[in-house]
>>> print(open('input_9.cif').read())   # mmCIF, C-alpha atoms and all ligand atoms; chains and numbers go by the auth columns
data_target
loop_
_atom_site.group_PDB
_atom_site.id
_atom_site.type_symbol
_atom_site.label_atom_id
_atom_site.label_comp_id
_atom_site.label_asym_id
_atom_site.label_seq_id
_atom_site.Cartn_x
_atom_site.Cartn_y
_atom_site.Cartn_z
_atom_site.B_iso_or_equiv
_atom_site.auth_seq_id
_atom_site.auth_asym_id
ATOM 1 C CA MET A 1 26.490 9.043 27.146 0.00 739 A
ATOM 2 C CA ASP A 2 28.678 7.983 24.193 0.00 740 A
ATOM 3 C CA ARG A 3 29.275 11.166 22.255 0.00 741 A
ATOM 4 C CA TYR A 4 30.158 10.364 18.660 0.00 742 A
ATOM 5 C CA THR A 5 31.931 13.683 18.354 0.00 743 A
ATOM 6 C CA ASP A 6 34.622 12.370 20.755 0.00 744 A
ATOM 7 C CA LYS A 7 36.018 10.221 17.980 0.00 745 A
ATOM 8 C CA ALA A 8 36.856 13.299 15.898 0.00 746 A
ATOM 9 C CA LYS A 9 38.902 14.958 18.611 0.00 747 A
ATOM 10 C CA SER A 10 42.036 13.435 17.063 0.00 748 A
ATOM 11 C CA ARG A 11 41.616 15.564 13.937 0.00 749 A
ATOM 12 C CA VAL A 12 44.581 17.846 13.317 0.00 750 A
ATOM 13 C CA ARG A 13 43.880 21.576 13.041 0.00 751 A
ATOM 14 C CA GLN A 14 45.900 23.957 10.888 0.00 752 A
ATOM 15 C CA ALA A 15 44.437 27.100 12.432 0.00 753 A
ATOM 16 C CA ASP A 16 42.216 28.218 15.280 0.00 754 A
ATOM 17 C CA VAL A 17 38.707 26.827 14.762 0.00 755 A
ATOM 18 C CA ASP A 18 35.788 26.032 17.045 0.00 756 A
ATOM 19 C CA ASP A 19 35.311 22.388 18.102 0.00 757 A
ATOM 20 C CA LEU A 20 31.855 22.472 16.518 0.00 758 A
ATOM 21 C CA PHE A 21 33.314 22.295 13.009 0.00 759 A
ATOM 22 C CA VAL A 22 36.064 19.793 13.705 0.00 760 A
ATOM 23 C CA ASN A 23 34.061 17.336 15.797 0.00 761 A
ATOM 24 C CA ARG A 24 31.193 16.830 13.358 0.00 762 A
ATOM 25 C CA TRP A 25 31.642 13.712 11.299 0.00 763 A
ATOM 26 C CA SER A 26 29.467 11.181 9.515 0.00 764 A
ATOM 27 C CA PRO A 27 29.121 7.881 11.364 0.00 765 A
ATOM 28 C CA ARG A 28 27.204 5.024 9.771 0.00 766 A
ATOM 29 C CA ALA A 29 26.679 3.103 13.001 0.00 767 A
ATOM 30 C CA MET A 30 23.220 3.833 14.393 0.00 768 A
ATOM 31 C CA THR A 31 20.989 2.006 16.864 0.00 769 A
ATOM 32 C CA GLY A 32 17.669 2.026 14.992 0.00 770 A
ATOM 33 C CA GLU A 33 16.036 3.865 17.908 0.00 771 A
ATOM 34 C CA ILE A 34 13.395 6.496 17.207 0.00 772 A
ATOM 35 C CA LEU A 35 14.430 10.145 17.556 0.00 773 A
ATOM 36 C CA SER A 36 11.973 12.416 19.353 0.00 774 A
ATOM 37 C CA GLU A 37 9.915 14.942 17.405 0.00 775 A
ATOM 38 C CA LYS A 38 11.514 17.669 19.537 0.00 776 A
ATOM 39 C CA ASP A 39 15.048 16.637 18.548 0.00 777 A
ATOM 40 C CA VAL A 40 14.231 16.316 14.864 0.00 778 A
ATOM 41 C CA ASN A 41 12.471 19.683 14.817 0.00 779 A
ATOM 42 C CA SER A 42 15.495 21.289 16.397 0.00 780 A
ATOM 43 C CA LEU A 43 17.602 20.235 13.402 0.00 781 A
ATOM 44 C CA PHE A 44 15.141 21.682 10.888 0.00 782 A
ATOM 45 C CA GLU A 45 14.983 24.851 12.952 0.00 783 A
ATOM 46 C CA ALA A 46 18.761 25.197 12.558 0.00 784 A
ATOM 47 C CA ALA A 47 18.400 24.639 8.808 0.00 785 A
ATOM 48 C CA ARG A 48 15.671 27.282 8.632 0.00 786 A
ATOM 49 C CA PHE A 49 18.090 29.984 9.735 0.00 787 A
ATOM 50 C CA ALA A 50 20.527 29.402 6.862 0.00 788 A
ATOM 51 C CA PRO A 51 21.276 32.412 4.642 0.00 789 A
ATOM 52 C CA SER A 52 20.003 32.628 1.054 0.00 790 A
ATOM 53 C CA SER A 53 19.962 34.971 -1.886 0.00 791 A
ATOM 54 C CA MET A 54 17.115 37.497 -1.456 0.00 792 A
ATOM 55 C CA ASN A 55 16.137 35.380 1.551 0.00 793 A
ATOM 56 C CA ASN A 56 14.447 32.996 -0.880 0.00 794 A
ATOM 57 C CA GLN A 57 14.941 29.972 1.431 0.00 795 A
ATOM 58 C CA PRO A 58 14.811 27.439 -1.414 0.00 796 A
ATOM 59 C CA TRP A 59 15.401 24.347 0.763 0.00 797 A
ATOM 60 C CA ARG A 60 12.612 21.818 1.333 0.00 798 A
ATOM 61 C CA PHE A 61 12.959 18.655 3.380 0.00 799 A
ATOM 62 C CA LEU A 62 10.838 15.609 2.562 0.00 800 A
ATOM 63 C CA ILE A 63 11.057 13.284 5.523 0.00 801 A
ATOM 64 C CA SER A 64 10.155 9.784 6.585 0.00 802 A
ATOM 65 C CA LYS A 65 10.498 8.252 10.043 0.00 803 A
ATOM 66 C CA ARG A 66 11.245 4.567 10.323 0.00 804 A
ATOM 67 C CA ASP A 67 7.832 3.812 11.821 0.00 805 A
ATOM 68 C CA ASP A 68 5.769 5.676 9.226 0.00 806 A
ATOM 69 C CA GLU A 69 4.099 4.541 6.007 0.00 807 A
ATOM 70 C CA ASN A 70 6.686 6.194 3.709 0.00 808 A
ATOM 71 C CA TRP A 71 9.792 4.505 5.154 0.00 809 A
ATOM 72 C CA GLN A 72 10.036 1.714 2.578 0.00 810 A
ATOM 73 C CA LEU A 73 9.562 4.172 -0.278 0.00 811 A
ATOM 74 C CA PHE A 74 12.431 6.385 0.956 0.00 812 A
ATOM 75 C CA PHE A 75 14.620 3.408 1.868 0.00 813 A
ATOM 76 C CA ASN A 76 14.200 1.853 -1.590 0.00 814 A
ATOM 77 C CA LEU A 77 15.633 5.002 -3.214 0.00 815 A
ATOM 78 C CA LEU A 78 19.037 4.289 -1.664 0.00 816 A
ATOM 79 C CA THR A 79 21.869 2.341 -3.272 0.00 817 A
ATOM 80 C CA GLU A 80 22.466 -1.099 -1.796 0.00 818 A
ATOM 81 C CA GLY A 81 25.656 0.176 -0.172 0.00 819 A
ATOM 82 C CA ASN A 82 23.733 2.853 1.704 0.00 820 A
ATOM 83 C CA GLN A 83 20.838 0.518 2.573 0.00 821 A
ATOM 84 C CA VAL A 84 23.274 -1.706 4.481 0.00 822 A
ATOM 85 C CA TRP A 85 23.721 0.889 7.213 0.00 823 A
ATOM 86 C CA CYS A 86 20.616 3.066 6.726 0.00 824 A
ATOM 87 C CA LYS A 87 18.466 0.186 7.957 0.00 825 A
ATOM 88 C CA ASP A 88 19.461 1.456 11.428 0.00 826 A
ATOM 89 C CA ALA A 89 18.564 5.104 10.747 0.00 827 A
ATOM 90 C CA SER A 90 15.662 6.794 12.476 0.00 828 A
ATOM 91 C CA VAL A 91 14.816 9.396 9.833 0.00 829 A
ATOM 92 C CA LEU A 92 15.492 9.564 6.099 0.00 830 A
ATOM 93 C CA ILE A 93 15.361 12.927 4.370 0.00 831 A
ATOM 94 C CA VAL A 94 15.318 13.975 0.729 0.00 832 A
ATOM 95 C CA LEU A 95 16.592 17.535 0.430 0.00 833 A
ATOM 96 C CA ILE A 96 15.365 19.469 -2.597 0.00 834 A
ATOM 97 C CA SER A 97 15.799 23.093 -3.622 0.00 835 A
ATOM 98 C CA LYS A 98 13.526 25.461 -5.504 0.00 836 A
ATOM 99 C CA LYS A 99 15.199 26.673 -8.699 0.00 837 A
ATOM 100 C CA THR A 100 13.208 29.890 -8.967 0.00 838 A
ATOM 101 C CA LEU A 101 12.819 33.039 -6.879 0.00 839 A
ATOM 102 C CA ASP A 102 9.499 33.335 -5.038 0.00 840 A
ATOM 103 C CA LYS A 103 9.260 37.061 -5.861 0.00 841 A
ATOM 104 C CA SER A 104 9.883 37.028 -9.618 0.00 842 A
ATOM 105 C CA GLY A 105 9.507 33.391 -10.647 0.00 843 A
ATOM 106 C CA LYS A 106 12.904 33.712 -12.358 0.00 844 A
ATOM 107 C CA GLN A 107 15.522 30.970 -12.322 0.00 845 A
ATOM 108 C CA TYR A 108 18.565 31.765 -10.203 0.00 846 A
ATOM 109 C CA LYS A 109 22.012 30.302 -9.792 0.00 847 A
ATOM 110 C CA THR A 110 22.559 29.736 -6.089 0.00 848 A
ATOM 111 C CA HIS A 111 19.630 27.583 -4.930 0.00 849 A
ATOM 112 C CA SER A 112 21.770 24.444 -4.554 0.00 850 A
ATOM 113 C CA LEU A 113 24.446 26.316 -2.654 0.00 851 A
ATOM 114 C CA GLU A 114 21.810 27.632 -0.262 0.00 852 A
ATOM 115 C CA ALA A 115 20.279 24.195 0.248 0.00 853 A
ATOM 116 C CA GLY A 116 23.832 23.099 1.064 0.00 854 A
ATOM 117 C CA SER A 117 24.128 25.723 3.774 0.00 855 A
ATOM 118 C CA ALA A 118 20.794 24.578 5.236 0.00 856 A
ATOM 119 C CA TRP A 119 22.079 20.982 5.277 0.00 857 A
ATOM 120 C CA GLN A 120 25.266 22.091 7.013 0.00 858 A
ATOM 121 C CA ASN A 121 23.281 23.975 9.678 0.00 859 A
ATOM 122 C CA LEU A 122 21.256 20.821 10.235 0.00 860 A
ATOM 123 C CA ALA A 123 24.392 18.679 10.470 0.00 861 A
ATOM 124 C CA LEU A 124 26.088 20.996 12.968 0.00 862 A
ATOM 125 C CA GLN A 125 22.986 21.208 15.156 0.00 863 A
ATOM 126 C CA ALA A 126 22.781 17.413 15.016 0.00 864 A
ATOM 127 C CA SER A 127 26.366 17.038 16.213 0.00 865 A
ATOM 128 C CA LEU A 128 25.663 19.451 19.089 0.00 866 A
ATOM 129 C CA LYS A 129 22.801 17.166 20.122 0.00 867 A
ATOM 130 C CA ASN A 130 24.801 13.956 19.605 0.00 868 A
ATOM 131 C CA ILE A 131 22.493 12.940 16.752 0.00 869 A
ATOM 132 C CA VAL A 132 24.102 11.240 13.775 0.00 870 A
ATOM 133 C CA SER A 133 23.523 13.022 10.462 0.00 871 A
ATOM 134 C CA HIS A 134 24.977 11.478 7.317 0.00 872 A
ATOM 135 C CA GLY A 135 24.605 13.049 3.872 0.00 873 A
ATOM 136 C CA MET A 136 24.141 10.810 0.825 0.00 874 A
ATOM 137 C CA GLY A 137 24.382 11.152 -2.938 0.00 875 A
ATOM 138 C CA GLY A 138 24.041 7.395 -3.330 0.00 876 A
ATOM 139 C CA PHE A 139 20.397 7.088 -4.299 0.00 877 A
ATOM 140 C CA ASP A 140 18.202 7.178 -7.393 0.00 878 A
ATOM 141 C CA TYR A 141 17.576 10.883 -8.106 0.00 879 A
ATOM 142 C CA GLU A 142 15.084 10.280 -10.930 0.00 880 A
ATOM 143 C CA LYS A 143 13.110 7.777 -8.907 0.00 881 A
ATOM 144 C CA ALA A 144 13.030 10.203 -5.967 0.00 882 A
ATOM 145 C CA LYS A 145 11.654 12.939 -8.210 0.00 883 A
ATOM 146 C CA SER A 146 8.812 10.815 -9.555 0.00 884 A
ATOM 147 C CA ALA A 147 8.017 8.748 -6.454 0.00 885 A
ATOM 148 C CA LEU A 148 7.840 11.839 -4.219 0.00 886 A
ATOM 149 C CA ASN A 149 5.905 14.042 -6.689 0.00 887 A
ATOM 150 C CA ILE A 150 8.675 16.635 -6.858 0.00 888 A
ATOM 151 C CA PRO A 151 7.755 19.400 -9.332 0.00 889 A
ATOM 152 C CA ASP A 152 10.079 20.376 -12.223 0.00 890 A
ATOM 153 C CA ASP A 153 11.090 23.679 -10.667 0.00 891 A
ATOM 154 C CA TYR A 154 12.698 21.836 -7.756 0.00 892 A
ATOM 155 C CA LYS A 155 16.059 20.080 -7.883 0.00 893 A
ATOM 156 C CA VAL A 156 16.732 16.893 -5.941 0.00 894 A
ATOM 157 C CA GLU A 157 19.928 17.598 -3.968 0.00 895 A
ATOM 158 C CA MET A 158 20.781 14.826 -1.535 0.00 896 A
ATOM 159 C CA MET A 159 19.456 12.401 1.029 0.00 897 A
ATOM 160 C CA ILE A 160 20.287 12.538 4.730 0.00 898 A
ATOM 161 C CA ALA A 161 20.108 9.793 7.344 0.00 899 A
ATOM 162 C CA LEU A 162 19.541 10.729 10.993 0.00 900 A
ATOM 163 C CA GLY A 163 19.817 8.453 13.962 0.00 901 A
ATOM 164 C CA LYS A 164 21.181 7.640 17.379 0.00 902 A
ATOM 165 C CA TYR A 165 24.871 6.794 17.531 0.00 903 A
ATOM 166 C CA ASN A 166 25.822 3.173 18.153 0.00 904 A
ATOM 167 C CA LYS A 167 29.308 3.294 19.678 0.00 905 A
ATOM 168 C CA LYS A 168 29.607 -0.471 20.022 0.00 906 A
ATOM 169 C CA LEU A 169 28.868 -1.020 16.339 0.00 907 A
ATOM 170 C CA SER A 170 31.071 1.928 15.356 0.00 908 A
ATOM 171 C CA ASP A 171 33.992 0.394 17.264 0.00 909 A
ATOM 172 C CA GLU A 172 33.308 -3.064 15.826 0.00 910 A
ATOM 173 C CA LYS A 173 33.272 -1.674 12.294 0.00 911 A
ATOM 174 C CA GLN A 174 36.343 0.422 13.084 0.00 912 A
ATOM 175 C CA GLU A 175 34.742 3.534 11.650 0.00 913 A
ATOM 176 C CA LYS A 176 37.464 5.972 10.668 0.00 914 A
ATOM 177 C CA ILE A 177 37.563 9.736 10.916 0.00 915 A
ATOM 178 C CA SER A 178 38.130 11.352 7.529 0.00 916 A
ATOM 179 C CA ASP A 179 41.060 13.613 6.728 0.00 917 A
ATOM 180 C CA ARG A 180 41.047 17.000 4.994 0.00 918 A
ATOM 181 C CA LYS A 181 43.110 18.616 2.246 0.00 919 A
ATOM 182 C CA PRO A 182 45.594 21.175 3.556 0.00 920 A
ATOM 183 C CA LEU A 183 44.556 24.842 3.508 0.00 921 A
ATOM 184 C CA ASN A 184 47.188 25.679 0.872 0.00 922 A
ATOM 185 C CA GLU A 185 45.401 23.425 -1.630 0.00 923 A
ATOM 186 C CA LEU A 186 42.083 25.138 -0.966 0.00 924 A
ATOM 187 C CA VAL A 187 42.767 28.858 -0.604 0.00 925 A
ATOM 188 C CA PHE A 188 44.420 30.926 -3.351 0.00 926 A
ATOM 189 C CA LYS A 189 45.667 34.484 -3.333 0.00 927 A
ATOM 190 C CA GLY A 190 44.090 36.076 -6.383 0.00 928 A
ATOM 191 C CA LYS A 191 43.994 33.955 -9.518 0.00 929 A
ATOM 192 C CA PHE A 192 43.458 30.203 -9.429 0.00 930 A
ATOM 193 C CA ASN A 193 46.654 28.213 -9.478 0.00 931 A
HETATM 194 C C1 LIG B . 26.395 15.514 -0.614 0.00 1001 A
HETATM 195 C C2 LIG B . 27.028 14.342 0.098 0.00 1001 A
HETATM 196 C C3 LIG B . 26.874 13.070 -0.400 0.00 1001 A
HETATM 197 C C4 LIG B . 27.394 11.967 0.285 0.00 1001 A
HETATM 198 N N1 LIG B . 27.119 10.699 -0.165 0.00 1001 A
HETATM 199 C C5 LIG B . 27.389 9.643 0.637 0.00 1001 A
HETATM 200 C C6 LIG B . 26.872 8.354 0.334 0.00 1001 A
HETATM 201 O O1 LIG B . 26.134 8.147 -0.643 0.00 1001 A
HETATM 202 N N2 LIG B . 27.196 7.334 1.167 0.00 1001 A
HETATM 203 C C7 LIG B . 27.984 7.506 2.263 0.00 1001 A
HETATM 204 O O2 LIG B . 28.213 6.530 2.983 0.00 1001 A
HETATM 205 N N3 LIG B . 28.473 8.738 2.594 0.00 1001 A
HETATM 206 C C8 LIG B . 28.191 9.799 1.817 0.00 1001 A
HETATM 207 N N4 LIG B . 28.618 11.066 2.168 0.00 1001 A
HETATM 208 C C9 LIG B . 29.462 11.255 3.370 0.00 1001 A
HETATM 209 C C10 LIG B . 30.876 11.678 2.969 0.00 1001 A
HETATM 210 O O3 LIG B . 31.585 10.554 2.506 0.00 1001 A
HETATM 211 C C11 LIG B . 31.573 12.333 4.188 0.00 1001 A
HETATM 212 O O4 LIG B . 30.867 13.485 4.554 0.00 1001 A
HETATM 213 C C12 LIG B . 33.021 12.705 3.854 0.00 1001 A
HETATM 214 O O5 LIG B . 33.799 11.554 3.647 0.00 1001 A
HETATM 215 C C13 LIG B . 33.658 13.523 4.959 0.00 1001 A
HETATM 216 O O6 LIG B . 33.599 12.811 6.173 0.00 1001 A
HETATM 217 P P1 LIG B . 32.915 13.395 7.489 0.00 1001 A
HETATM 218 O O7 LIG B . 31.521 13.853 7.122 0.00 1001 A
HETATM 219 O O8 LIG B . 32.895 12.223 8.443 0.00 1001 A
HETATM 220 O O9 LIG B . 33.751 14.531 7.980 0.00 1001 A
HETATM 221 C C14 LIG B . 28.131 12.171 1.473 0.00 1001 A
HETATM 222 C C15 LIG B . 28.308 13.477 1.972 0.00 1001 A
HETATM 223 C C16 LIG B . 27.760 14.549 1.311 0.00 1001 A
HETATM 224 C C17 LIG B . 27.910 15.934 1.890 0.00 1001 A
#
>>> encode(input="input_9.cif", output="structure tokens", more="lines below")
Ligand SMILES: Cc1cc2nc3c(=O)[nH]c(=O)nc-3n(C[C@H](O)[C@H](O)[C@H](O)COP(=O)(O)O)c2cc1C
Amino acid sequence: MDRYTDKAKSRVRQADVDDLFVNRWSPRAMTGEILSEKDVNSLFEAARFAPSSMNNQPWRFLISKRDDENWQLFFNLLTEGNQVWCKDASVLIVLISKKTLDKSGKQYKTHSLEAGSAWQNLALQASLKNIVSHGMGGFDYEKAKSALNIPDDYKVEMMIALGKYNKKLSDEKQEKISDRKPLNELVFKGKFN
């Protein structure tokens, strides 16, 4: 099996870190094959176990599979640049987060952050299963809100494409592994500098 995570093995590490974090990356090359219900559920199960303030679990995933009646609606939300490669995705997801606490109904500050941790859980579980997951901000947020009946107390966060890796296409397109900023630009002792 062509594991897409193999391509990231060249990434340089600055400290000891598990392969899981280094080997995940975001290919665009997918085969257009359908992912099984079991595989897709496994990713949402990983997301479900993300931590959140007061265990509010504000993440919600609106999903469409390429063979269902909502596919065109989800696909049309994407920018042209993302449509070019998402035509080969198996699942499109719109991730939204609830802005208020279930218990009190009050607005709180960390709902987006928590939705982000759910997305990261999903992405890491996907890479463990050799499923491509690719986050996207390139879509029409307003259109998503209205077309998908998203209530005002939810924030549209991102879209995610899932699919089976297409190594041949990835090689043809010469997909590149992304770099990272060095730790000393990211971690500060005390005050920001
Ligand atoms: C919130 C978010 C939005 C993104 N938007 C897009 C997008 O619209 N189109 C795209 O091709 N990639 C998009 N990406 C993928 C990033 O470019 C990619 O994650 C980043 O370059 C790091 O590369 P890696 O994921 O392969 O490690 C997005 C990623 C995230 C997390």
>>> residues_around(input="input_9.cif", residues="Ser871 of chain A", least_positions_apart="6", cutoff="6 Å", atoms="all atoms listed in the file", output="list of chain:residue names")
A:Ala861, A:Ala899, A:Leu900
>>> write_last_selection(input="input_9.cif", atoms="C-alpha atoms", output="compact mmCIF listing (two decimals), in the frame of the given file")
# COMPACT_ATOMS: atom_id res chain seq x y z
CA ALA A 861 24.39 18.68 10.47
CA ALA A 899 20.11 9.79 7.34
CA LEU A 900 19.54 10.73 10.99
>>> residues_near_point(input="input_9.cif", point="(26.6, 6.1, 9.5)", cutoff="12 Å", atoms="all atoms listed in the file", output="PyMOL selection string")
chain A and resi 742+763-770+819-828+869-874+898-905+907-908+911-915
>>> write_last_selection(input="input_9.cif", atoms="C-alpha atoms", output="PDB file, keeping the file's coordinate frame")
ATOM      1  CA  TYR A 742      30.158  10.364  18.660  1.00  0.00           C
ATOM      2  CA  TRP A 763      31.642  13.712  11.299  1.00  0.00           C
ATOM      3  CA  SER A 764      29.467  11.181   9.515  1.00  0.00           C
ATOM      4  CA  PRO A 765      29.121   7.881  11.364  1.00  0.00           C
ATOM      5  CA  ARG A 766      27.204   5.024   9.771  1.00  0.00           C
ATOM      6  CA  ALA A 767      26.679   3.103  13.001  1.00  0.00           C
ATOM      7  CA  MET A 768      23.220   3.833  14.393  1.00  0.00           C
ATOM      8  CA  THR A 769      20.989   2.006  16.864  1.00  0.00           C
ATOM      9  CA  GLY A 770      17.669   2.026  14.992  1.00  0.00           C
ATOM     10  CA  GLY A 819      25.656   0.176  -0.172  1.00  0.00           C
ATOM     11  CA  ASN A 820      23.733   2.853   1.704  1.00  0.00           C
ATOM     12  CA  GLN A 821      20.838   0.518   2.573  1.00  0.00           C
ATOM     13  CA  VAL A 822      23.274  -1.706   4.481  1.00  0.00           C
ATOM     14  CA  TRP A 823      23.721   0.889   7.213  1.00  0.00           C
ATOM     15  CA  CYS A 824      20.616   3.066   6.726  1.00  0.00           C
ATOM     16  CA  LYS A 825      18.466   0.186   7.957  1.00  0.00           C
ATOM     17  CA  ASP A 826      19.461   1.456  11.428  1.00  0.00           C
ATOM     18  CA  ALA A 827      18.564   5.104  10.747  1.00  0.00           C
ATOM     19  CA  SER A 828      15.662   6.794  12.476  1.00  0.00           C
ATOM     20  CA  ILE A 869      22.493  12.940  16.752  1.00  0.00           C
ATOM     21  CA  VAL A 870      24.102  11.240  13.775  1.00  0.00           C
ATOM     22  CA  SER A 871      23.523  13.022  10.462  1.00  0.00           C
ATOM     23  CA  HIS A 872      24.977  11.478   7.317  1.00  0.00           C
ATOM     24  CA  GLY A 873      24.605  13.049   3.872  1.00  0.00           C
ATOM     25  CA  MET A 874      24.141  10.810   0.825  1.00  0.00           C
ATOM     26  CA  ILE A 898      20.287  12.538   4.730  1.00  0.00           C
ATOM     27  CA  ALA A 899      20.108   9.793   7.344  1.00  0.00           C
ATOM     28  CA  LEU A 900      19.541  10.729  10.993  1.00  0.00           C
ATOM     29  CA  GLY A 901      19.817   8.453  13.962  1.00  0.00           C
ATOM     30  CA  LYS A 902      21.181   7.640  17.379  1.00  0.00           C
ATOM     31  CA  TYR A 903      24.871   6.794  17.531  1.00  0.00           C
ATOM     32  CA  ASN A 904      25.822   3.173  18.153  1.00  0.00           C
ATOM     33  CA  LYS A 905      29.308   3.294  19.678  1.00  0.00           C
ATOM     34  CA  LEU A 907      28.868  -1.020  16.339  1.00  0.00           C
ATOM     35  CA  SER A 908      31.071   1.928  15.356  1.00  0.00           C
ATOM     36  CA  LYS A 911      33.272  -1.674  12.294  1.00  0.00           C
ATOM     37  CA  GLN A 912      36.343   0.422  13.084  1.00  0.00           C
ATOM     38  CA  GLU A 913      34.742   3.534  11.650  1.00  0.00           C
ATOM     39  CA  LYS A 914      37.464   5.972  10.668  1.00  0.00           C
ATOM     40  CA  ILE A 915      37.563   9.736  10.916  1.00  0.00           C
TER      41      ILE A 915
END
>>> resolve_selection(input="input_9.cif", expression="the PyMOL selection byres (((chain A and resi 877) around 6) and not hetatm)", output="VMD selection string")
chain A and resid 815 to 817 875 to 876 878
>>> closest_residue(input="input_9.cif", among="A:Gln858, A:Asn814, A:Asn887, A:Asn922", to="ligand LIG 1001 (chain A)", atoms="all atoms listed in the file")
A:Gln858
>>> atom_distance(input="input_9.cif", atom1="atom CA of Glu775 of chain A", atom2="atom C2 of ligand LIG 1001 (chain A)")
24.3 Å
>>> axis_aligned_box(input="input_9.cif", around="segment 838-850 of chain A", padding_each_side="8 Å", output="lines of an AutoDock Vina configuration file")
center_x = 15.9
center_y = 30.8
center_z = -8.5
size_x = 29.3
size_y = 28.6
size_z = 23.8
>>> closest_residue(input="input_9.cif", among="A:Tyr892, A:Phe812, A:Phe787, A:Phe759", to="ligand LIG 1001 (chain A)", atoms="all atoms listed in the file")
A:Phe759
>>> residues_around(input="input_9.cif", residues="Gln845 of chain A", least_positions_apart="3", cutoff="12 Å", atoms="only C-alpha atoms", output="list in words")
Asn794, Pro796, Ser835, Lys836, Lys837, Thr838, Leu839, Asp840, Lys841, Ser842, Thr848, His849, Ser850, Asp890, Asp891, Tyr892 and Lys893 of chain A
>>> atom_distance(input="input_9.cif", atom1="atom CA of Met896 of chain A", atom2="atom P1 of ligand LIG 1001 (chain A)")
15.2 Å
>>> residues_around(input="input_9.cif", residues="Ile834 of chain A", least_positions_apart="5", cutoff="6 Å", atoms="only C-alpha atoms", output="list in words")
Trp797, Arg798, Lys893, Val894 and Glu895 of chain A
>>> closest_residue(input="input_9.cif", among="A:Ala746, A:Asp805, A:Lys906, A:Leu830", to="ligand LIG 1001 (chain A)", atoms="only C-alpha atoms and all ligand atoms")
A:Ala746
>>> residues_around(input="input_9.cif", residues="Ala785 of chain A", least_positions_apart="2", cutoff="8 Å", atoms="all atoms listed in the file", output="ChimeraX atom specification")
/A:781-783,787-788,855-860
>>> write_last_selection(input="input_9.cif", atoms="C-alpha atoms", output="mmCIF file, in the coordinates of the input")
data_model
loop_
_atom_site.group_PDB
_atom_site.id
_atom_site.type_symbol
_atom_site.label_atom_id
_atom_site.label_comp_id
_atom_site.auth_asym_id
_atom_site.auth_seq_id
_atom_site.Cartn_x
_atom_site.Cartn_y
_atom_site.Cartn_z
ATOM 1 C CA LEU A 781 17.602 20.235 13.402
ATOM 2 C CA PHE A 782 15.141 21.682 10.888
ATOM 3 C CA GLU A 783 14.983 24.851 12.952
ATOM 4 C CA PHE A 787 18.090 29.984 9.735
ATOM 5 C CA ALA A 788 20.527 29.402 6.862
ATOM 6 C CA SER A 855 24.128 25.723 3.774
ATOM 7 C CA ALA A 856 20.794 24.578 5.236
ATOM 8 C CA TRP A 857 22.079 20.982 5.277
ATOM 9 C CA GLN A 858 25.266 22.091 7.013
ATOM 10 C CA ASN A 859 23.281 23.975 9.678
ATOM 11 C CA LEU A 860 21.256 20.821 10.235
#
>>> closest_residue(input="input_9.cif", among="A:Glu880, A:Arg786, A:Leu773, A:Asn761", to="ligand LIG 1001 (chain A)", atoms="all atoms listed in the file")
A:Asn761
>>> closest_residue(input="input_9.cif", among="A:Ile772, A:Asp757, A:Lys919, A:Ile831", to="Ser802 of chain A", atoms="only C-alpha atoms")
A:Ile831
>>> closest_residue(input="input_9.cif", among="A:Arg804, A:Lys776, A:Arg762, A:Arg749", to="ligand LIG 1001 (chain A)", atoms="only C-alpha atoms and all ligand atoms")
A:Arg762
>>> atom_distance(input="input_9.cif", atom1="atom CA of Glu910 of chain A", atom2="atom O1 of ligand LIG 1001 (chain A)")
21.2 Å
>>> residues_near_point(input="input_9.cif", point="(6.2, 11.3, -1.8)", cutoff="10 Å", atoms="all atoms listed in the file", output="NGL selection string")
:A and (800-802 or 808 or 811-812 or 832 or 882-888)
>>> write_last_selection(input="input_9.cif", atoms="C-alpha atoms", output="PDB file, in the frame of the given file")
ATOM      1  CA  LEU A 800      10.838  15.609   2.562  1.00  0.00           C
ATOM      2  CA  ILE A 801      11.057  13.284   5.523  1.00  0.00           C
ATOM      3  CA  SER A 802      10.155   9.784   6.585  1.00  0.00           C
ATOM      4  CA  ASN A 808       6.686   6.194   3.709  1.00  0.00           C
ATOM      5  CA  LEU A 811       9.562   4.172  -0.278  1.00  0.00           C
ATOM      6  CA  PHE A 812      12.431   6.385   0.956  1.00  0.00           C
ATOM      7  CA  VAL A 832      15.318  13.975   0.729  1.00  0.00           C
ATOM      8  CA  ALA A 882      13.030  10.203  -5.967  1.00  0.00           C
ATOM      9  CA  LYS A 883      11.654  12.939  -8.210  1.00  0.00           C
ATOM     10  CA  SER A 884       8.812  10.815  -9.555  1.00  0.00           C
ATOM     11  CA  ALA A 885       8.017   8.748  -6.454  1.00  0.00           C
ATOM     12  CA  LEU A 886       7.840  11.839  -4.219  1.00  0.00           C
ATOM     13  CA  ASN A 887       5.905  14.042  -6.689  1.00  0.00           C
ATOM     14  CA  ILE A 888       8.675  16.635  -6.858  1.00  0.00           C
TER      15      ILE A 888
END
